[in-house]
Amino acid sequence: MTAHTSFKDRNLLAVIGDEDSITGLLLAGIGHIDEHQKKNFLIVDSKTQISTIEASFQEFTERKDVAILLINQHIAEKIRPTVDRYQQAFPTLLEIPSKDHPYDPEKDSVLKRVQKFFGE
């Protein structure tokens, strides 16, 4: 019963992405700042350190109110070992393209797991 309740409480998207991706998603209404001033997004630019990206990834994947974590694929590449180790169903991890970096299915960790599952 408690597991069902925890899934019900997962009602946010979290995003780790470049400025254009985050801006578009914020304009679509996904932005959230809680009572502790914690945001559900991280804007990554050329000055963002890998440790900051990894810390945000850890934070978002541990939050109990996040249902889906979106991450630009080119940013996921920067923390690929961390992304590949992530095996939880919730929050669901989805790699998305950005304006300047097209989607490459060969690099998608979720797609790799599905292909492995089906023996492809």
# chains A, B, ... in the order shown; residues from 1 in each chain; ligands from 1
$ select_by_dssp --residues "chain A" --states "strand (DSSP E or B)" --output "number ranges by chain"
A: 12-17, 33, 39, 41-43, 66-72, 92-96
$ select_by_dssp --residues "range 11-105 of chain A" --states "helix (DSSP H, G or I)" --output "count of residues only"
36
$ residues_around --residues "range 36-39 of chain A" --least-positions-apart "2" --cutoff "10 Å" --atoms "only C-alpha atoms" --output "count of residues only"
10
$ residues_around --residues "Val44 in chain A" --least-positions-apart "4" --cutoff "6 Å" --atoms "only C-alpha atoms" --output "PyMOL selection string"
chain A and resi 17-18+48
$ write_last_selection --atoms "N, CA, C and O atoms" --output "short mmCIF file (atom, residue, chain, number, x, y, z; two decimals), in the first residue's frame"
data_model
loop_
_atom_site.label_atom_id
_atom_site.label_comp_id
_atom_site.auth_asym_id
_atom_site.auth_seq_id
_atom_site.Cartn_x
_atom_site.Cartn_y
_atom_site.Cartn_z
N GLY A 17 19.31 20.03 -18.61
CA GLY A 17 19.43 20.34 -20.03
C GLY A 17 20.11 21.65 -20.32
O GLY A 17 20.45 22.41 -19.42
N ASP A 18 20.27 21.91 -21.62
CA ASP A 18 20.84 23.19 -22.04
C ASP A 18 19.78 24.28 -21.90
O ASP A 18 18.61 24.01 -21.64
N THR A 48 29.41 24.67 -16.56
CA THR A 48 28.86 23.78 -15.53
C THR A 48 29.81 22.59 -15.33
O THR A 48 30.18 21.92 -16.29
#
$ closest_residue --among "A:Thr23, A:Gln73, A:Asn40, A:Thr61" --to "Arg85 in chain A" --atoms "only C-alpha atoms"
A:Thr61
$ residues_around --residues "Gln58 in chain A" --least-positions-apart "5" --cutoff "12 Å" --atoms "only C-alpha atoms" --output "PDB file with N, CA and C atoms, in the first residue's frame"
ATOM      1  N   ALA A  14      11.484  16.450 -13.901  1.00  0.00           N
ATOM      2  CA  ALA A  14      12.738  17.144 -13.604  1.00  0.00           C
ATOM      3  C   ALA A  14      13.543  17.145 -14.900  1.00  0.00           C
ATOM      4  N   ILE A  16      17.457  18.084 -16.734  1.00  0.00           N
ATOM      5  CA  ILE A  16      18.850  18.515 -16.792  1.00  0.00           C
ATOM      6  C   ILE A  16      19.107  18.774 -18.265  1.00  0.00           C
ATOM      7  N   SER A  51      30.696  17.557 -11.762  1.00  0.00           N
ATOM      8  CA  SER A  51      30.241  17.222 -10.409  1.00  0.00           C
ATOM      9  C   SER A  51      28.874  17.840 -10.103  1.00  0.00           C
ATOM     10  N   THR A  52      28.614  19.014 -10.642  1.00  0.00           N
ATOM     11  CA  THR A  52      27.315  19.663 -10.454  1.00  0.00           C
ATOM     12  C   THR A  52      26.222  18.890 -11.183  1.00  0.00           C
ATOM     13  N   ILE A  53      26.524  18.433 -12.397  1.00  0.00           N
ATOM     14  CA  ILE A  53      25.557  17.648 -13.166  1.00  0.00           C
ATOM     15  C   ILE A  53      25.265  16.340 -12.438  1.00  0.00           C
ATOM     16  N   ARG A  63      14.573  12.109  -5.367  1.00  0.00           N
ATOM     17  CA  ARG A  63      13.371  12.835  -4.938  1.00  0.00           C
ATOM     18  C   ARG A  63      12.133  11.968  -5.110  1.00  0.00           C
ATOM     19  N   VAL A  66       9.355  13.296  -8.027  1.00  0.00           N
ATOM     20  CA  VAL A  66       9.707  13.320  -9.447  1.00  0.00           C
ATOM     21  C   VAL A  66       9.304  11.999 -10.095  1.00  0.00           C
ATOM     22  N   LEU A  69      12.585  12.013 -15.224  1.00  0.00           N
ATOM     23  CA  LEU A  69      13.767  12.872 -15.340  1.00  0.00           C
ATOM     24  C   LEU A  69      14.164  12.918 -16.810  1.00  0.00           C
ATOM     25  N   ILE A  79      28.078  12.345 -18.181  1.00  0.00           N
ATOM     26  CA  ILE A  79      28.002  11.545 -16.953  1.00  0.00           C
ATOM     27  C   ILE A  79      27.526  10.120 -17.292  1.00  0.00           C
ATOM     28  N   THR A  82      27.347   7.197 -14.742  1.00  0.00           N
ATOM     29  CA  THR A  82      26.291   7.392 -13.745  1.00  0.00           C
ATOM     30  C   THR A  82      24.928   7.080 -14.342  1.00  0.00           C
ATOM     31  N   VAL A  83      24.690   7.560 -15.546  1.00  0.00           N
ATOM     32  CA  VAL A  83      23.414   7.313 -16.228  1.00  0.00           C
ATOM     33  C   VAL A  83      23.233   5.825 -16.487  1.00  0.00           C
ATOM     34  N   ARG A  85      24.430   3.323 -14.848  1.00  0.00           N
ATOM     35  CA  ARG A  85      24.223   2.580 -13.593  1.00  0.00           C
ATOM     36  C   ARG A  85      22.801   2.725 -13.064  1.00  0.00           C
ATOM     37  N   TYR A  86      22.103   3.770 -13.479  1.00  0.00           N
ATOM     38  CA  TYR A  86      20.758   4.015 -12.965  1.00  0.00           C
ATOM     39  C   TYR A  86      19.794   2.964 -13.502  1.00  0.00           C
ATOM     40  N   PRO A  91      12.257   7.702 -10.520  1.00  0.00           N
ATOM     41  CA  PRO A  91      11.750   8.372 -11.710  1.00  0.00           C
ATOM     42  C   PRO A  91      12.313   7.749 -12.982  1.00  0.00           C
ATOM     43  N   LEU A  93      13.919   7.640 -16.496  1.00  0.00           N
ATOM     44  CA  LEU A  93      14.953   8.458 -17.116  1.00  0.00           C
ATOM     45  C   LEU A  93      14.786   8.433 -18.629  1.00  0.00           C
TER      46      LEU A  93
END
$ residues_around --residues "Asp84 in chain A" --least-positions-apart "6" --cutoff "12 Å" --atoms "only C-alpha atoms" --output "PyMOL selection string"
chain A and resi 76-78+93-95+107-113
$ atom_distance --atom1 "CA of Ile50 in chain A" --atom2 "CA of Gly29 in chain A"
27.0 Å
$ decode --residues "range 65-77 of chain A" --atoms "all heavy atoms" --output "compact mmCIF listing (two decimals), in the first residue's frame"
# COMPACT_ATOMS: atom_id res chain seq x y z
N ASP A 65 9.05 13.13 -5.34
CA ASP A 65 7.99 13.82 -6.06
C ASP A 65 8.24 13.88 -7.57
O ASP A 65 7.44 14.41 -8.32
CB ASP A 65 7.78 15.23 -5.52
CG ASP A 65 9.03 16.10 -5.59
OD1 ASP A 65 10.13 15.57 -5.85
OD2 ASP A 65 8.91 17.32 -5.36
N VAL A 66 9.35 13.30 -8.03
CA VAL A 66 9.71 13.32 -9.45
C VAL A 66 9.30 12.00 -10.10
O VAL A 66 9.71 10.92 -9.65
CB VAL A 66 11.22 13.58 -9.65
CG1 VAL A 66 11.61 13.46 -11.11
CG2 VAL A 66 11.60 14.95 -9.11
N ALA A 67 8.50 12.09 -11.17
CA ALA A 67 8.07 10.90 -11.90
C ALA A 67 8.97 10.61 -13.09
O ALA A 67 9.23 9.46 -13.41
CB ALA A 67 6.63 11.07 -12.37
N ILE A 68 9.43 11.67 -13.76
CA ILE A 68 10.24 11.52 -14.97
C ILE A 68 11.39 12.51 -14.91
O ILE A 68 11.20 13.68 -14.60
CB ILE A 68 9.40 11.79 -16.24
CG1 ILE A 68 8.25 10.79 -16.34
CG2 ILE A 68 10.27 11.73 -17.50
CD1 ILE A 68 7.26 11.09 -17.45
N LEU A 69 12.59 12.01 -15.22
CA LEU A 69 13.77 12.87 -15.34
C LEU A 69 14.16 12.92 -16.81
O LEU A 69 14.48 11.89 -17.40
CB LEU A 69 14.93 12.33 -14.50
CG LEU A 69 16.28 13.02 -14.68
CD1 LEU A 69 16.20 14.52 -14.40
CD2 LEU A 69 17.33 12.38 -13.80
N LEU A 70 14.11 14.10 -17.39
CA LEU A 70 14.54 14.32 -18.76
C LEU A 70 15.96 14.86 -18.73
O LEU A 70 16.27 15.74 -17.92
CB LEU A 70 13.64 15.34 -19.47
CG LEU A 70 12.15 15.02 -19.53
CD1 LEU A 70 11.38 16.18 -20.15
CD2 LEU A 70 11.90 13.75 -20.31
N ILE A 71 16.81 14.34 -19.60
CA ILE A 71 18.18 14.84 -19.68
C ILE A 71 18.58 14.91 -21.15
O ILE A 71 18.30 13.98 -21.92
CB ILE A 71 19.16 13.96 -18.86
CG1 ILE A 71 20.56 14.56 -18.87
CG2 ILE A 71 19.15 12.53 -19.33
CD1 ILE A 71 21.52 13.90 -17.87
N ASN A 72 19.16 16.03 -21.54
CA ASN A 72 19.65 16.13 -22.91
C ASN A 72 20.70 15.05 -23.12
O ASN A 72 21.57 14.84 -22.27
CB ASN A 72 20.29 17.48 -23.20
CG ASN A 72 19.30 18.59 -23.44
OD1 ASN A 72 19.45 19.66 -22.86
ND2 ASN A 72 18.32 18.40 -24.28
N GLN A 73 20.63 14.38 -24.25
CA GLN A 73 21.53 13.25 -24.50
C GLN A 73 22.99 13.67 -24.47
O GLN A 73 23.84 12.96 -23.93
CB GLN A 73 21.18 12.59 -25.82
CG GLN A 73 21.87 11.26 -26.00
CD GLN A 73 21.41 10.55 -27.24
OE1 GLN A 73 21.40 11.12 -28.32
NE2 GLN A 73 21.02 9.29 -27.09
N HIS A 74 23.32 14.85 -25.01
CA HIS A 74 24.72 15.27 -25.01
C HIS A 74 25.21 15.57 -23.60
O HIS A 74 26.40 15.45 -23.32
CB HIS A 74 24.94 16.46 -25.96
CG HIS A 74 24.41 17.76 -25.47
ND1 HIS A 74 23.08 18.11 -25.58
CD2 HIS A 74 25.03 18.81 -24.88
CE1 HIS A 74 22.90 19.32 -25.07
NE2 HIS A 74 24.07 19.76 -24.64
N ILE A 75 24.32 15.90 -22.70
CA ILE A 75 24.70 16.11 -21.29
C ILE A 75 24.82 14.76 -20.59
O ILE A 75 25.72 14.55 -19.79
CB ILE A 75 23.70 17.04 -20.60
CG1 ILE A 75 23.78 18.43 -21.24
CG2 ILE A 75 23.96 17.11 -19.10
CD1 ILE A 75 22.68 19.37 -20.84
N ALA A 76 23.92 13.83 -20.92
CA ALA A 76 24.01 12.48 -20.36
C ALA A 76 25.35 11.84 -20.71
O ALA A 76 25.92 11.08 -19.92
CB ALA A 76 22.86 11.62 -20.88
N GLU A 77 25.88 12.17 -21.90
CA GLU A 77 27.19 11.64 -22.31
C GLU A 77 28.29 12.07 -21.35
O GLU A 77 29.26 11.34 -21.14
CB GLU A 77 27.53 12.09 -23.73
CG GLU A 77 26.86 11.29 -24.81
CD GLU A 77 27.24 9.82 -24.76
OE1 GLU A 77 28.44 9.50 -24.74
OE2 GLU A 77 26.32 8.99 -24.72
